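What follows is a set of notes on a single structure, which appears directly below.
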Amino acid sequence: MDRPFDIITFDCFGTLIDWESGIAKAFAGAAAAEGVTLDPAAVFAAYAALEPGVEAGTYRSYRAVLTETARRVATRLGWPLDTGRADFLADSLPDWPPFPDTNPALERLAAHGYRLGILSNVDDDLLAGTLRRLRVSFDLVVTAAAIRSYKPDPGHFHEARRRIGGRRWLHAAQSLFYDVEPARALGIPVAWINRRGEATAGARRADREYSALGDLADWLTASCVHPSERTASRGDARGAAGRKGRQR
């Protein structure tokens with residue numbers, strides 16, 4: 001059977017990359033250097049609440065967004081972080097790890113002939129470090145730096161549609177706010193990778209919902225014939241035809 005889509009695009013941070021643990025580790029290390037202890041859950045909750053406001057203003061690089069958000073998080077949590085040291089978070093981004101299921105799922109999709117893409121709120125140079133942690137090549141990459149806007153603004157999706165053309169496209173992402181809702185608003189099929197076990201309903205609901213990337217890969221590959229299997233099948237068919245011919 002044919003693949004249900006031709007290209008699968010992904011949000012990067014939160015979907016492919018475990019940004020929650022990466023952010024928590026970066027804050028813990030920087031705070032510990034000043035004798036401060038921070039609660040990891042409180043760090044990420046503050047970060048998730050503050051970053052959208054930083055991105056919503058006049059466009060600035062993601063490195064600048066991370067630096068300003070780090071400063072605001074520290075202020076909220078009572079850590080007197082020196083402004084000159086707030087770039088620790090951006091410096092840590094290339095070290096944020098993929099989720100354990102990320103590379104196996106991407107490799108399965110690539111092996112079954114899917115084209116893969118990334119739509120990410122990030123700078124090109126920061127993403128370059130992250131891509132070294134992913135074991136597949138991406139046919140499409142759209143960054144905030146390239147279009148000078150941040151999701152949930154629709155710029156990433158408009159640029160992706162321009163470059164994808166008429167090919168069948170599925171977007172997969174963890175964030176309802178940054179990805180699922182804007183994709184749905186534009187009529188783009190979207191799979192929600194609900195890693196945090198959140199509840200939702202109504203207009204926020206995605207076309208498909210999975211708790212992990214492996215489950216998405218199961219669905220997308222279930223109806224596919226692996227290219228090597230297709231070649232083997234053609235060889236078997238030719239062999240069978242030859243045997244029939246000899247029997248005549």
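Chains: A, B, ... in order of the structure tokens. Residues: from 1 per chain. Ligands: from 1, in order shown.
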Run DSSP on the backbone and tell me which residues of segment 56-132 of chain A come out as strand (DSSP E or B); list them as a PyMOL selection string. chain A and resi 98+115-120
Go through segment 80-104 of chain A and flag each residue having an atom no more than 7 Å from segment 14-32 of chain A; for those, report the closest pair of atoms plus their distance in Å to one decimal, using only C-alpha atoms, ordered by chain and rising number, as JSON lines.
{"residue": "A:Leu89", "atom": "CA", "partner": "A:Ala26", "partner_atom": "CA", "distance": 6.0}
{"residue": "A:Ser92", "atom": "CA", "partner": "A:Ala26", "partner_atom": "CA", "distance": 6.3}
{"residue": "A:Trp96", "atom": "CA", "partner": "A:Gly22", "partner_atom": "CA", "distance": 4.6}
{"residue": "A:Pro97", "atom": "CA", "partner": "A:Asp18", "partner_atom": "CA", "distance": 5.7}
{"residue": "A:Pro98", "atom": "CA", "partner": "A:Ile17", "partner_atom": "CA", "distance": 4.1}
{"residue": "A:Phe99", "atom": "CA", "partner": "A:Asp18", "partner_atom": "CA", "distance": 5.4}
{"residue": "A:Thr102", "atom": "CA", "partner": "A:Leu16", "partner_atom": "CA", "distance": 5.6}
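Closest to Ser137 of chain A among A:Asn121, A:Ser211, A:Asn103, A:Ser149 is A:Asn103, based on only C-alpha atoms.
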Those in segment 21-242 of chain A with helix (DSSP H, G or I) from DSSP, as number ranges by chain: A: 21-32, 40-56, 62-76, 83-85, 88-95, 102-111, 124-131, 144-147, 155-164, 176-185, 202-204, 213-222, 227-242
Output C-alpha atoms for every residue in the selection just made, as a compact mmCIF listing (two decimals), in the first residue's frame.
# COMPACT_ATOMS: atom_id res chain seq x y z
CA SER A 21 15.44 18.48 30.79
CA GLY A 22 17.91 20.57 28.78
CA ILE A 23 16.56 23.84 30.18
CA ALA A 24 16.39 22.47 33.73
CA LYS A 25 19.97 21.20 33.56
CA ALA A 26 21.27 24.50 32.18
CA PHE A 27 19.56 26.51 34.93
CA ALA A 28 20.71 24.09 37.62
CA GLY A 29 24.33 24.36 36.55
CA ALA A 30 24.37 28.12 36.20
CA ALA A 31 22.56 28.65 39.50
CA ALA A 32 24.75 26.17 41.38
CA PRO A 40 13.46 22.05 38.01
CA ALA A 41 9.68 21.98 37.72
CA ALA A 42 9.43 25.62 38.77
CA VAL A 43 12.13 26.56 36.25
CA PHE A 44 10.32 25.00 33.32
CA ALA A 45 6.92 26.29 34.41
CA ALA A 46 8.33 29.82 34.54
CA TYR A 47 10.11 29.37 31.23
CA ALA A 48 6.97 28.08 29.48
CA ALA A 49 4.97 31.02 30.84
CA LEU A 50 7.52 33.71 29.95
CA GLU A 51 9.02 32.72 26.60
CA PRO A 52 5.91 33.38 24.46
CA GLY A 53 5.83 36.98 25.62
CA VAL A 54 9.48 37.47 24.68
CA GLU A 55 8.91 36.00 21.23
CA ALA A 56 5.75 38.04 20.66
CA TYR A 62 16.41 33.04 19.30
CA ARG A 63 19.70 33.42 21.13
CA ALA A 64 18.42 36.80 22.31
CA VAL A 65 15.03 35.26 23.19
CA LEU A 66 16.71 32.58 25.31
CA THR A 67 18.91 35.12 27.05
CA GLU A 68 16.05 37.47 27.89
CA THR A 69 13.80 34.61 28.98
CA ALA A 70 16.56 33.25 31.23
CA ARG A 71 16.86 36.66 32.84
CA ARG A 72 13.10 36.88 33.42
CA VAL A 73 12.90 33.32 34.79
CA ALA A 74 15.70 34.07 37.25
CA THR A 75 13.93 37.22 38.40
CA ARG A 76 10.66 35.35 38.90
CA THR A 83 22.58 40.14 32.99
CA GLY A 84 26.00 39.42 31.53
CA ARG A 85 25.67 35.73 32.46
CA PHE A 88 24.19 30.41 29.55
CA LEU A 89 20.87 29.05 28.30
CA ALA A 90 21.53 29.74 24.61
CA ASP A 91 25.01 28.29 24.98
CA SER A 92 23.52 25.07 26.37
CA LEU A 93 21.00 24.48 23.56
CA PRO A 94 23.21 22.26 21.34
CA ASP A 95 23.63 19.93 24.33
CA THR A 102 13.38 10.23 18.50
CA ASN A 103 16.17 8.72 16.43
CA PRO A 104 14.64 5.24 16.11
CA ALA A 105 11.32 6.72 14.94
CA LEU A 106 12.97 9.09 12.45
CA GLU A 107 15.14 6.30 11.07
CA ARG A 108 12.09 4.07 10.55
CA LEU A 109 10.23 6.82 8.72
CA ALA A 110 13.21 7.60 6.51
CA ALA A 111 13.73 3.91 5.74
CA ASP A 124 20.19 28.46 12.10
CA ASP A 125 23.49 28.21 13.97
CA LEU A 126 21.85 26.85 17.12
CA LEU A 127 19.89 24.29 15.13
CA ALA A 128 23.09 23.13 13.44
CA GLY A 129 24.31 21.86 16.81
CA THR A 130 21.05 20.05 17.44
CA LEU A 131 21.04 18.37 14.01
CA ALA A 144 12.57 31.52 12.81
CA ALA A 145 15.80 33.12 11.64
CA ALA A 146 14.91 32.42 8.00
CA ILE A 147 11.42 33.94 8.14
CA GLY A 155 5.06 32.10 8.78
CA HIS A 156 6.71 28.71 9.25
CA PHE A 157 3.67 26.94 7.84
CA HIS A 158 3.26 29.28 4.88
CA GLU A 159 6.93 28.85 3.96
CA ALA A 160 6.72 25.09 4.35
CA ARG A 161 3.62 24.94 2.14
CA ARG A 162 5.37 27.04 -0.50
CA ARG A 163 8.30 24.63 -0.57
CA ILE A 164 6.29 21.42 -0.21
CA LEU A 176 -0.82 22.76 21.13
CA PHE A 177 -0.07 26.48 21.31
CA TYR A 178 2.90 26.70 18.97
CA ASP A 179 1.99 24.03 16.41
CA VAL A 180 -1.27 22.10 16.64
CA GLU A 181 -3.59 25.09 16.75
CA PRO A 182 -1.95 27.12 13.95
CA ALA A 183 -1.64 24.03 11.75
CA ARG A 184 -5.32 23.21 12.23
CA ALA A 185 -6.28 26.81 11.48
CA GLY A 202 -12.81 20.79 20.65
CA ALA A 203 -10.90 23.14 18.38
CA ARG A 204 -7.59 22.26 20.02
CA LEU A 213 7.04 9.29 18.30
CA GLY A 214 7.33 5.52 18.07
CA ASP A 215 3.54 5.24 18.01
CA LEU A 216 3.36 7.78 15.19
CA ALA A 217 5.97 5.81 13.26
CA ASP A 218 3.96 2.61 13.82
CA TRP A 219 0.93 4.19 12.19
CA LEU A 220 2.82 5.78 9.31
CA THR A 221 4.74 2.62 8.45
CA ALA A 222 1.93 0.10 8.98
CA PRO A 227 11.79 -0.34 -0.36
CA SER A 228 13.93 -3.45 0.18
CA GLU A 229 10.80 -5.57 0.54
CA ARG A 230 9.39 -4.08 -2.67
CA THR A 231 12.58 -5.01 -4.53
CA ALA A 232 12.50 -8.50 -3.08
CA SER A 233 8.85 -8.89 -4.06
CA ARG A 234 9.61 -7.89 -7.63
CA GLY A 235 12.44 -10.43 -7.66
CA ASP A 236 10.13 -13.15 -6.34
CA ALA A 237 7.55 -12.28 -8.97
CA ARG A 238 10.13 -12.48 -11.75
CA GLY A 239 11.36 -15.80 -10.37
CA ALA A 240 7.84 -17.17 -10.26
CA ALA A 241 7.18 -16.02 -13.82
CA GLY A 242 10.40 -17.69 -14.94
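Here atom CA of Ala172 of chain A stands at a distance of 25.0 Å from atom CA of Tyr59 of chain A.
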Gap from atom CA of Asp207 of chain A to atom CA of Ser120 of chain A - Å, one decimal: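 Distance between the two atoms: 20.5 Å.
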Neighbours of segment 187-198 of chain A within 6 Å (only C-alpha atoms; same-chain residues fewer than 6 positions away dropped), as a list in words? Leu170, His171, Ala172, Ala173, Gln174, Ala206, Asp207, Arg208, Glu209, Tyr210, Ser211 and Ala212 of chain A
If I take atom CA of Thr9 of chain A and atom CA of Arg60 of chain A, how far is one from the other in Å, to one decimal?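 The value is 24.1 Å.
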